[in-house]
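Below: entry_30.txt (compact mmCIF, C-alpha atoms)
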```
# COMPACT_ATOMS: atom_id res chain seq x y z
CA MET A 10 -38.61 -26.81 -6.48
CA GLU A 11 -35.81 -27.37 -8.92
CA GLN A 12 -36.35 -29.86 -11.75
CA LYS A 13 -32.75 -31.00 -11.42
CA SER A 14 -33.23 -32.03 -7.81
CA LEU A 15 -35.35 -35.09 -8.73
CA PRO A 16 -33.51 -38.41 -8.93
CA LYS A 17 -33.65 -40.02 -12.38
CA GLN A 18 -35.49 -43.08 -11.03
CA THR A 19 -38.28 -40.86 -9.72
CA LEU A 20 -38.44 -38.99 -13.02
CA GLY A 21 -38.66 -42.35 -14.80
CA ARG A 22 -41.78 -43.27 -12.84
CA LEU A 23 -43.58 -39.93 -13.31
CA PRO A 24 -44.95 -40.77 -16.80
CA LYS A 25 -46.72 -43.78 -15.32
CA TYR A 26 -48.37 -41.63 -12.62
CA LEU A 27 -49.31 -39.01 -15.18
CA SER A 28 -50.80 -41.58 -17.51
CA TYR A 29 -52.93 -42.87 -14.64
CA LEU A 30 -53.90 -39.48 -13.21
CA ARG A 31 -55.25 -38.33 -16.55
CA THR A 32 -57.90 -41.08 -16.35
CA GLN A 33 -59.14 -39.70 -13.00
CA PRO A 34 -61.70 -36.91 -12.34
CA GLN A 35 -59.98 -33.52 -12.27
CA GLY A 36 -62.48 -31.08 -10.81
CA GLU A 37 -61.56 -28.55 -8.14
CA GLU A 38 -62.80 -30.88 -5.39
CA ASP A 39 -61.17 -34.02 -6.78
CA TYR A 40 -58.29 -35.26 -4.64
CA ILE A 41 -56.31 -38.47 -4.85
CA SER A 42 -54.17 -40.20 -2.24
CA ALA A 43 -50.88 -42.05 -2.58
CA THR A 44 -52.70 -45.11 -1.21
CA THR A 45 -55.20 -45.09 -4.07
CA ILE A 46 -52.53 -44.55 -6.71
CA ALA A 47 -50.34 -47.31 -5.26
CA HIS A 48 -53.29 -49.71 -5.20
CA ASP A 49 -54.49 -48.96 -8.73
CA LEU A 50 -51.02 -49.12 -10.28
CA GLY A 51 -49.83 -52.09 -8.21
CA ILE A 52 -46.76 -50.17 -6.95
CA GLY A 53 -45.58 -50.07 -3.33
CA GLU A 54 -47.20 -47.30 -1.30
CA VAL A 55 -43.95 -46.10 0.29
CA GLN A 56 -42.50 -45.64 -3.21
CA VAL A 57 -45.50 -43.65 -4.43
CA ARG A 58 -45.49 -41.50 -1.31
CA LYS A 59 -41.80 -40.64 -1.78
CA ASP A 60 -42.20 -39.95 -5.49
CA LEU A 61 -45.19 -37.66 -5.01
CA HIS A 62 -43.46 -35.86 -2.17
CA ALA A 63 -40.43 -35.26 -4.38
CA ALA A 64 -42.62 -34.12 -7.25
CA SER A 65 -45.16 -32.00 -5.45
CA GLY A 66 -44.41 -31.68 -1.74
CA ASP A 67 -46.82 -32.88 0.92
CA GLY A 68 -50.40 -33.81 0.15
CA ARG A 69 -53.25 -32.82 2.48
CA PRO A 70 -53.60 -35.19 5.44
CA ARG A 71 -56.06 -38.00 4.71
CA ILE A 72 -57.24 -36.69 1.31
CA GLY A 73 -53.95 -36.44 -0.55
CA TYR A 74 -53.31 -34.29 -3.62
CA GLN A 75 -55.64 -32.23 -5.77
CA THR A 76 -55.58 -34.32 -8.93
CA ALA A 77 -55.50 -31.44 -11.41
CA GLN A 78 -52.68 -29.72 -9.51
CA LEU A 79 -50.64 -32.91 -9.31
CA ILE A 80 -51.06 -33.47 -13.06
CA GLU A 81 -49.91 -29.92 -13.77
CA ARG A 82 -46.93 -30.32 -11.47
CA ILE A 83 -45.83 -33.60 -13.08
CA GLU A 84 -46.30 -32.15 -16.57
CA VAL A 85 -43.96 -29.30 -15.68
CA LEU A 86 -41.38 -31.75 -14.30
CA LEU A 87 -41.60 -33.92 -17.42
CA GLY A 88 -41.12 -30.87 -19.60
CA ALA A 89 -44.56 -31.07 -21.24
CA HIS A 90 -44.52 -27.30 -21.60
CA ASN A 91 -41.02 -27.28 -22.99
CA PRO A 92 -40.76 -30.48 -25.02
CA THR A 93 -37.53 -32.17 -26.06
CA LYS A 94 -37.15 -32.69 -29.79
CA ALA A 95 -36.76 -36.19 -31.20
CA VAL A 96 -36.24 -37.46 -34.75
CA LEU A 97 -37.71 -40.53 -36.41
CA VAL A 98 -36.17 -42.50 -39.28
CA GLY A 99 -38.37 -44.64 -41.51
CA THR A 100 -41.69 -43.09 -42.49
CA GLY A 101 -43.67 -46.16 -43.48
CA LYS A 102 -47.10 -46.67 -41.92
CA LEU A 103 -45.77 -47.25 -38.40
CA GLY A 104 -43.33 -44.34 -38.65
CA LYS A 105 -46.05 -41.99 -39.85
CA ALA A 106 -48.40 -43.18 -37.11
CA LEU A 107 -45.81 -42.29 -34.47
CA LEU A 108 -44.80 -39.05 -36.21
CA ASN A 109 -48.37 -37.77 -36.16
CA TYR A 110 -49.40 -39.09 -32.75
CA SER A 111 -50.06 -36.14 -30.46
CA GLY A 112 -49.94 -38.18 -27.22
CA PHE A 113 -46.15 -37.93 -26.90
CA LEU A 114 -46.32 -34.18 -26.29
CA ILE A 115 -47.87 -34.48 -22.82
CA PHE A 116 -44.78 -36.46 -21.83
CA GLY A 117 -42.55 -33.70 -23.11
CA VAL A 118 -41.40 -35.27 -26.37
CA ASP A 119 -41.93 -33.62 -29.73
CA ILE A 120 -41.03 -35.80 -32.71
CA ALA A 121 -39.92 -32.80 -34.69
CA ALA A 122 -39.13 -34.43 -38.03
CA GLY A 123 -39.18 -37.70 -39.91
CA PHE A 124 -36.46 -38.91 -42.29
CA ASP A 125 -36.63 -41.44 -45.09
CA LEU A 126 -34.53 -42.61 -48.03
CA HIS A 127 -37.56 -41.86 -50.19
CA PRO A 128 -39.58 -39.19 -48.40
CA VAL A 129 -43.21 -39.05 -49.50
CA ALA A 130 -45.33 -36.04 -48.62
CA ASP A 131 -48.04 -36.80 -46.09
CA THR A 132 -51.24 -35.31 -44.79
CA GLY A 133 -49.60 -34.88 -41.36
CA ASP A 134 -48.12 -31.57 -40.28
CA LYS A 135 -44.62 -32.88 -39.46
CA PRO A 136 -41.87 -32.45 -42.06
CA ILE A 137 -40.32 -35.54 -43.69
CA TYR A 138 -36.80 -35.01 -45.01
CA PRO A 139 -34.42 -37.11 -47.14
CA MET A 140 -31.68 -38.98 -45.26
CA ASP A 141 -28.91 -36.74 -46.55
CA ARG A 142 -30.22 -33.96 -44.31
CA PHE A 143 -30.19 -36.15 -41.21
CA ALA A 144 -26.70 -35.39 -39.86
CA ALA A 145 -27.01 -31.63 -40.23
CA TYR A 146 -30.52 -31.57 -38.73
CA CYS A 147 -29.45 -33.50 -35.64
CA ARG A 148 -26.43 -31.36 -35.02
CA GLU A 149 -28.17 -28.04 -35.64
CA ASN A 150 -31.06 -28.95 -33.32
CA GLY A 151 -29.01 -30.74 -30.65
CA ILE A 152 -31.14 -33.89 -31.05
CA LYS A 153 -30.59 -36.52 -28.33
CA ILE A 154 -33.52 -38.88 -29.00
CA GLY A 155 -33.90 -41.06 -32.08
CA ILE A 156 -36.71 -43.42 -33.12
CA ILE A 157 -36.05 -46.22 -35.62
CA THR A 158 -38.98 -47.51 -37.69
CA VAL A 159 -37.13 -48.74 -40.81
CA PRO A 160 -37.25 -52.39 -41.97
CA GLY A 161 -34.96 -54.73 -40.02
CA SER A 162 -32.23 -54.88 -42.65
CA ALA A 163 -31.68 -51.11 -42.56
CA ALA A 164 -32.01 -50.63 -38.80
CA GLN A 165 -28.40 -51.11 -37.69
CA GLY A 166 -27.13 -48.59 -40.24
CA VAL A 167 -29.60 -46.04 -38.94
CA ALA A 168 -28.64 -46.72 -35.32
CA ASP A 169 -24.95 -46.21 -36.18
CA LEU A 170 -25.77 -42.95 -37.96
CA MET A 171 -27.76 -41.73 -34.95
CA VAL A 172 -24.92 -42.46 -32.54
CA GLU A 173 -22.41 -40.73 -34.86
CA ASN A 174 -24.56 -37.63 -34.82
CA GLY A 175 -24.88 -37.19 -31.07
CA ILE A 176 -28.05 -39.14 -30.27
CA THR A 177 -27.81 -40.73 -26.80
CA ALA A 178 -31.16 -42.52 -26.45
CA ILE A 179 -32.78 -44.70 -29.09
CA TRP A 180 -36.23 -46.28 -29.31
CA SER A 181 -36.08 -48.96 -31.97
CA PHE A 182 -38.80 -51.14 -33.50
CA SER A 183 -36.19 -53.37 -35.19
CA PRO A 184 -33.28 -55.19 -33.47
CA VAL A 185 -30.10 -53.07 -33.25
CA THR A 186 -27.07 -52.86 -31.00
CA VAL A 187 -25.57 -49.65 -29.64
CA PRO A 188 -22.41 -48.66 -27.74
CA GLU A 189 -22.58 -48.92 -23.96
CA ASN A 190 -22.93 -45.19 -23.42
CA VAL A 191 -26.09 -45.04 -25.54
CA PHE A 192 -29.47 -46.03 -24.09
CA LEU A 193 -31.57 -48.41 -26.18
CA LEU A 194 -35.22 -49.31 -25.69
CA GLN A 195 -35.92 -52.23 -27.99
CA GLU A 196 -39.56 -52.58 -28.99
CA ASN A 197 -40.78 -55.89 -30.42
CA LEU A 198 -44.45 -55.69 -31.35
CA ALA A 199 -44.47 -59.17 -32.90
CA LEU A 200 -43.27 -60.63 -29.61
CA SER A 201 -46.08 -58.85 -27.76
CA LEU A 202 -48.73 -60.25 -30.08
CA ALA A 203 -47.15 -63.71 -29.94
CA HIS A 204 -47.47 -63.55 -26.17
CA VAL A 205 -51.16 -62.62 -26.44
CA LYS A 206 -51.70 -65.54 -28.79
CA MET A 207 -50.04 -68.04 -26.45
CA VAL A 208 -52.45 -67.00 -23.73
CA ALA A 209 -55.53 -67.07 -25.97
CA ARG A 210 -55.11 -70.74 -26.79
CA MET B 19 -44.01 -84.71 -29.73
CA GLU B 20 -47.49 -83.35 -28.99
CA GLN B 21 -47.93 -79.59 -29.14
CA LYS B 22 -50.33 -79.78 -26.19
CA SER B 23 -47.67 -81.30 -23.94
CA LEU B 24 -45.75 -78.00 -23.64
CA PRO B 25 -46.45 -75.94 -20.52
CA LYS B 26 -47.88 -72.51 -21.28
CA GLN B 27 -44.91 -70.76 -19.66
CA THR B 28 -42.53 -72.52 -22.04
CA LEU B 29 -44.72 -71.66 -25.02
CA GLY B 30 -44.71 -68.06 -23.86
CA ARG B 31 -40.91 -67.95 -24.02
CA LEU B 32 -40.60 -69.58 -27.45
CA PRO B 33 -41.26 -66.39 -29.44
CA LYS B 34 -38.27 -64.78 -27.73
CA TYR B 35 -35.99 -67.68 -28.70
CA LEU B 36 -37.36 -67.66 -32.24
CA SER B 37 -36.83 -63.94 -32.58
CA TYR B 38 -33.22 -64.40 -31.49
CA LEU B 39 -32.50 -67.54 -33.52
CA ARG B 40 -33.59 -65.85 -36.73
CA THR B 41 -30.71 -63.38 -36.33
CA GLN B 42 -28.19 -66.27 -36.24
CA PRO B 43 -26.50 -68.10 -39.18
CA GLN B 44 -28.70 -70.96 -40.38
CA GLY B 45 -26.50 -73.08 -42.65
CA GLU B 46 -26.38 -76.86 -42.42
CA GLU B 47 -23.28 -76.69 -40.21
CA ASP B 48 -24.56 -73.94 -37.95
CA TYR B 49 -25.30 -75.14 -34.43
CA ILE B 50 -26.19 -73.18 -31.32
CA SER B 51 -25.99 -74.14 -27.66
CA ALA B 52 -28.32 -73.39 -24.76
CA THR B 53 -25.34 -71.66 -23.11
CA THR B 54 -24.95 -69.21 -25.99
CA ILE B 55 -28.67 -68.49 -26.17
CA ALA B 56 -28.91 -67.99 -22.39
CA HIS B 57 -25.95 -65.61 -22.46
CA ASP B 58 -27.14 -63.55 -25.44
CA LEU B 59 -30.72 -63.24 -24.14
CA GLY B 60 -29.76 -62.75 -20.49
CA ILE B 61 -31.95 -65.68 -19.37
CA GLY B 62 -30.89 -68.40 -16.90
CA GLU B 63 -29.18 -71.35 -18.61
CA VAL B 64 -31.17 -74.01 -16.74
CA GLN B 65 -34.37 -72.38 -17.99
CA VAL B 66 -33.18 -72.30 -21.60
CA ARG B 67 -32.00 -75.89 -21.43
CA LYS B 68 -35.38 -77.07 -20.14
CA ASP B 69 -37.32 -75.03 -22.70
CA LEU B 70 -35.26 -76.29 -25.64
CA HIS B 71 -35.50 -79.84 -24.40
CA ALA B 72 -39.28 -79.55 -24.19
CA ALA B 73 -39.44 -77.96 -27.64
CA SER B 74 -36.95 -80.06 -29.54
CA GLY B 75 -35.55 -82.91 -27.43
CA ASP B 76 -31.86 -83.21 -26.65
CA GLY B 77 -29.24 -81.20 -28.48
CA ARG B 78 -25.94 -82.77 -29.54
CA PRO B 79 -23.41 -82.93 -26.70
CA ARG B 80 -21.16 -79.87 -26.63
CA ILE B 81 -22.47 -78.29 -29.88
CA GLY B 82 -26.17 -78.04 -29.14
CA TYR B 83 -28.92 -77.69 -31.72
CA GLN B 84 -28.79 -77.21 -35.47
CA THR B 85 -30.09 -73.63 -35.68
CA ALA B 86 -32.27 -74.12 -38.76
CA GLN B 87 -33.86 -77.24 -37.33
CA LEU B 88 -34.55 -75.57 -34.00
CA ILE B 89 -36.17 -72.61 -35.77
CA GLU B 90 -38.37 -74.94 -37.81
CA ARG B 91 -39.34 -76.88 -34.68
CA ILE B 92 -40.28 -73.73 -32.73
CA GLU B 93 -42.21 -72.36 -35.71
CA VAL B 94 -44.29 -75.54 -35.79
CA LEU B 95 -44.93 -75.32 -32.04
CA LEU B 96 -45.96 -71.67 -32.33
CA GLY B 97 -48.33 -72.53 -35.14
CA ALA B 98 -46.49 -70.50 -37.77
CA HIS B 99 -47.66 -72.96 -40.41
CA ASN B 100 -51.21 -72.92 -39.14
CA PRO B 101 -51.76 -69.36 -37.93
CA THR B 102 -54.47 -68.25 -35.52
CA LYS B 103 -56.72 -65.51 -36.85
CA ALA B 104 -56.96 -62.18 -35.03
CA VAL B 105 -59.03 -59.08 -35.68
CA LEU B 106 -58.05 -55.43 -35.31
CA VAL B 107 -60.39 -52.52 -34.58
CA GLY B 108 -59.37 -48.99 -35.53
CA THR B 109 -57.71 -48.63 -38.92
CA GLY B 110 -55.95 -45.31 -38.50
CA LYS B 111 -52.23 -45.15 -39.31
CA LEU B 112 -51.14 -47.37 -36.42
CA GLY B 113 -53.93 -49.87 -37.09
CA LYS B 114 -53.04 -50.07 -40.77
CA ALA B 115 -49.36 -50.46 -39.95
CA LEU B 116 -50.13 -53.48 -37.76
CA LEU B 117 -52.71 -54.88 -40.18
CA ASN B 118 -50.20 -54.95 -43.02
CA TYR B 119 -47.12 -56.00 -41.02
CA SER B 120 -46.05 -59.46 -42.19
CA GLY B 121 -43.83 -60.17 -39.15
CA PHE B 122 -46.70 -61.48 -37.02
CA LEU B 123 -47.14 -64.51 -39.28
CA ILE B 124 -43.92 -66.22 -38.21
CA PHE B 125 -45.30 -66.20 -34.68
CA GLY B 126 -48.46 -67.88 -35.88
CA VAL B 127 -50.81 -64.89 -35.83
CA ASP B 128 -52.69 -63.71 -38.89
CA ILE B 129 -54.53 -60.42 -38.45
CA ALA B 130 -57.28 -61.53 -40.78
CA ALA B 131 -59.36 -58.35 -40.94
CA GLY B 132 -59.58 -54.77 -39.76
CA PHE B 133 -62.75 -53.03 -38.61
CA ASP B 134 -63.57 -49.34 -38.43
CA LEU B 135 -66.58 -47.09 -37.94
CA HIS B 136 -65.61 -45.46 -41.21
CA PRO B 137 -63.68 -48.03 -43.23
CA VAL B 138 -61.47 -46.51 -45.92
CA ALA B 139 -60.06 -48.70 -48.67
CA ASP B 140 -56.32 -49.18 -48.41
CA THR B 141 -53.41 -50.31 -50.56
CA GLY B 142 -52.89 -53.28 -48.21
CA ASP B 143 -54.27 -56.70 -49.00
CA LYS B 144 -56.24 -57.17 -45.78
CA PRO B 145 -59.98 -56.43 -45.80
CA ILE B 146 -61.36 -53.55 -43.70
CA TYR B 147 -65.00 -53.92 -42.72
CA PRO B 148 -67.53 -51.59 -41.07
CA MET B 149 -68.17 -52.18 -37.35
CA ASP B 150 -71.66 -53.61 -37.90
CA ARG B 151 -70.05 -56.75 -39.35
CA PHE B 152 -67.76 -57.23 -36.34
CA ALA B 153 -69.95 -59.51 -34.20
CA ALA B 154 -70.88 -61.87 -37.04
CA TYR B 155 -67.28 -62.04 -38.30
CA CYS B 156 -65.87 -62.95 -34.89
CA ARG B 157 -68.47 -65.64 -34.27
CA GLU B 158 -68.27 -67.17 -37.75
CA ASN B 159 -64.47 -67.34 -37.62
CA GLY B 160 -64.12 -68.33 -33.96
CA ILE B 161 -61.87 -65.31 -33.31
CA LYS B 162 -60.12 -65.36 -29.91
CA ILE B 163 -57.60 -62.52 -30.34
CA GLY B 164 -58.49 -58.84 -30.65
CA ILE B 165 -56.29 -55.79 -31.21
CA ILE B 166 -57.49 -52.31 -30.25
CA THR B 167 -56.04 -49.30 -32.08
CA VAL B 168 -58.93 -46.85 -31.78
CA PRO B 169 -58.60 -43.45 -30.04
CA GLY B 170 -58.73 -43.62 -26.23
CA SER B 171 -62.34 -42.45 -25.91
CA ALA B 172 -63.64 -45.34 -28.04
CA ALA B 173 -61.38 -48.07 -26.66
CA GLN B 174 -63.50 -49.33 -23.74
CA GLY B 175 -66.55 -49.77 -25.96
CA VAL B 176 -64.49 -51.83 -28.39
CA ALA B 177 -63.06 -53.97 -25.58
CA ASP B 178 -66.56 -54.67 -24.28
CA LEU B 179 -67.73 -55.62 -27.77
CA MET B 180 -64.78 -57.97 -28.19
CA VAL B 181 -65.49 -59.73 -24.90
CA GLU B 182 -69.21 -60.05 -25.78
CA ASN B 183 -68.25 -61.77 -29.01
CA GLY B 184 -66.01 -64.46 -27.61
CA ILE B 185 -62.56 -62.83 -27.71
CA THR B 186 -60.40 -64.04 -24.80
CA ALA B 187 -57.11 -62.18 -25.34
CA ILE B 188 -56.78 -58.48 -26.13
CA TRP B 189 -53.80 -56.38 -27.15
CA SER B 190 -54.74 -52.75 -26.63
CA PHE B 191 -52.92 -49.53 -27.50
CA SER B 192 -55.38 -47.47 -25.39
CA PRO B 193 -56.26 -48.01 -21.71
CA VAL B 194 -59.15 -50.44 -21.21
CA THR B 195 -60.34 -52.80 -18.50
CA VAL B 196 -61.57 -56.36 -19.10
CA PRO B 197 -63.24 -59.09 -17.02
CA GLU B 198 -60.92 -61.36 -15.03
CA ASN B 199 -61.26 -64.29 -17.43
CA VAL B 200 -59.99 -62.23 -20.36
CA PHE B 201 -56.25 -61.65 -20.89
CA LEU B 202 -55.19 -58.07 -21.56
CA LEU B 203 -51.81 -56.86 -22.78
CA GLN B 204 -51.82 -53.10 -22.39
CA GLU B 205 -49.43 -51.30 -24.72
CA ASN B 206 -48.45 -47.71 -23.94
CA LEU B 207 -46.14 -46.32 -26.61
CA ALA B 208 -46.14 -42.83 -25.10
CA LEU B 209 -44.88 -44.25 -21.82
CA SER B 210 -42.05 -46.03 -23.65
CA LEU B 211 -40.92 -42.86 -25.38
CA ALA B 212 -41.26 -40.88 -22.13
CA HIS B 213 -38.91 -43.39 -20.53
CA VAL B 214 -36.37 -42.97 -23.36
CA LYS B 215 -36.56 -39.22 -22.90
CA MET B 216 -35.96 -39.40 -19.15
CA VAL B 217 -32.77 -41.31 -19.83
CA ALA B 218 -31.58 -39.02 -22.62
CA ARG B 219 -31.50 -35.98 -20.37
```
Represent the structure from my file as structure tokens, please.
Amino acid sequence: MEQKSLPKQTLGRLPKYLSYLRTQPQGEEDYISATTIAHDLGIGEVQVRKDLHAASGDGRPRIGYQTAQLIERIEVLLGAHNPTKAVLVGTGKLGKALLNYSGFLIFGVDIAAGFDLHPVADTGDKPIYPMDRFAAYCRENGIKIGIITVPGSAAQGVADLMVENGITAIWSFSPVTVPENVFLLQENLALSLAHVKMVAR
Amino acid sequence: MEQKSLPKQTLGRLPKYLSYLRTQPQGEEDYISATTIAHDLGIGEVQVRKDLHAASGDGRPRIGYQTAQLIERIEVLLGAHNPTKAVLVGTGKLGKALLNYSGFLIFGVDIAAGFDLHPVADTGDKPIYPMDRFAAYCRENGIKIGIITVPGSAAQGVADLMVENGITAIWSFSPVTVPENVFLLQENLALSLAHVKMVAR
């Protein structure tokens, strides 16, 4: 099955399945059905059935897919064995936490390097470079994914620099705007915690 | 206007307005209308109008609300001047980043202390205590909000401990389950980055 043949929407849902499947038993006799997955994730069963079929062909009647095999199949589709390189700008505590988090690899993303105006050596095993090497690094490595973890006041400048240097998808922890042809996922951790607080009252 | 009179759904949306308003000019002559806010945030105008009315009464016809005054009003409603204490368990890099992030305060949340099996002193100004002080701390301070930043294998144990000690709202960066009467906001940073990657292809 060709990786290219999967529609982008299906690909976009695979990480969610993978995340869930990894919490399930994965012995040789452990199978899981689309019905169970749909129920546990709160997604429509028809959707799950179509996605799994596209990802891994037909399951066995009544029992579904061997969990371990399905995980392996999705990992291959997500590129876990051939990760895409990303860069991160802003190596404060949050930046370093993301830079050294190994959990991104199973989804096929390798944050290959961090950049900072004032790079400080770290105990982690990822390199941290000064900003003046950013442009060359991105171009030489064909980087398409950028992560922004600088303070708010510096974020827009970093986003602009990323776009100028060929990055097409940005994950930012501070508010930025990007041209229409660039994808932006805006993270707002303070908003998440504020929401939790409102509910705790 | 009584804080208690606001419906929870309205309160839940206030952080989003606040986050947006703080990016706008806040001079004495700077006003903002529900129409502008609705447009910029992509929320329905009727909704915004009702929320702002509940939060700050009527705006001035045609020009709306004085931005600075609206910000101040929302901050009061969110408890920014009288923050709610939260605790965080797991003071690795991500935990420390959250513990020392000042941006939560404007939404009325003060992460008062961190806890860890092996607490290591930090440059930050928040205390980090060993886990055996967790139960007493939560009960003495009436803590209702807990943040989980421990590795996945330890997360469920921490969630259980939080629930046992009176916490009613949990923000977790690892998968956990909680009883029905406890609110859980499940964060999955790897899933977010995986999504960015899928789009960058």
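With all atoms listed in the file as the atoms that count, the residue of B:Pro148, B:Pro137, B:Pro25, B:Pro197 with the shortest distance to chain A is B:Pro25.
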Nearby residues (all atoms listed in the file) at most 10 Å from Gly104 in chain A, same-chain spacing under 6 positions excluded, as an NGL selection string
(:A and (97-98 or 110 or 123-125 or 156-159 or 182)) or (:B and (111-112 or 115))
For a cutoff of 12 Å around the file-coordinate point (-35.8, -45.9, -13.1), which residues qualify once you count all atoms listed in the file? I'd like the result as a ChimeraX atom specification.
/A:15-25,56,60 /B:212-217
Skip range 183-185 of chain B itself and residues of its chain fewer than 5 positions away, then list as a PyMOL selection string all residues within 6 Å of it, counting all atoms listed in the file.
chain B and resi 153+162-163
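Of the residues listed (A:Val57, A:Ala63, A:Leu87, A:Ala122), A:Leu87 shows the shortest atom-to-atom separation from chain B; distances use only C-alpha atoms.
Residues having any atom no farther than 10 Å from (-50.8, -37.4, -41.0) (counting only C-alpha atoms) are Lys105, Ala106, Leu107, Leu108, Asn109, Tyr110, Ala130, Asp131, Thr132, Gly133, Asp134 and Lys135 of chain A; Gly110 and Lys111 of chain B.
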Which neighbours of Ile80 in chain A fall inside 8 Å, counting only C-alpha atoms, when residues of the same chain fewer than 3 positions from it are skipped, and could you give them as a short mmCIF file (atom, residue, chain, number, x, y, z; two decimals) with C-alpha atoms, keeping the file's coordinate frame?
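Final file, selection20.cif:
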```
data_model
loop_
_atom_site.label_atom_id
_atom_site.label_comp_id
_atom_site.auth_asym_id
_atom_site.auth_seq_id
_atom_site.Cartn_x
_atom_site.Cartn_y
_atom_site.Cartn_z
CA LEU A 27 -49.31 -39.01 -15.18
CA LEU A 30 -53.90 -39.48 -13.21
CA ARG A 31 -55.25 -38.33 -16.55
CA THR A 76 -55.58 -34.32 -8.93
CA ALA A 77 -55.50 -31.44 -11.41
CA ILE A 83 -45.83 -33.60 -13.08
CA GLU A 84 -46.30 -32.15 -16.57
#
```
Length of the CA of Leu86 in chain A to CA of Met171 in chain A vector [Å]
26.7 Å
How big is the axis-aligned box around all listed atoms of range 153-171 of chain A once 6 Å goes on each side, and where's its centre, in Å to one decimal, as AutoDock Vina command-line options?
```
--center_x -32.0 --center_y -45.7 --center_z -35.5 --size_x 26.0 --size_y 30.4 --size_z 26.3
```
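Computed from the coordinates, the CA of Phe192 in chain A to CA of Gly53 in chain A distance equals 26.6 Å.
Going from CA of Arg67 in chain B to CA of Ile55 in chain B covers 9.4 Å.
Closest to Ala52 in chain B among B:Leu211, B:Ala177, B:Ala172, B:Leu70 is B:Leu70, based on all atoms listed in the file.
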For range 111-114 of chain A, please output as an NGL selection string all residues within 7 Å (counting all atoms listed in the file; exclusion window: fewer than 3 positions along the same chain).
(:A and (89 or 92 or 117-119)) or (:B and (208))
Measuring atom to atom with only C-alpha atoms, identify which of A:Gln78, A:Gln35, A:Ser201, A:Gln165 is nearest to chain B.
A:Ser201
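Nearest residue to Glu47 in chain B, choosing from B:Gly175, B:Gly160, B:Ile81, B:Leu203 and counting all atoms listed in the file: B:Ile81.
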Using only C-alpha atoms, which of the listed residues (B:Ile129, B:Val196, B:Ala187, B:Ala56) sits closest to chain A?
B:Ala187
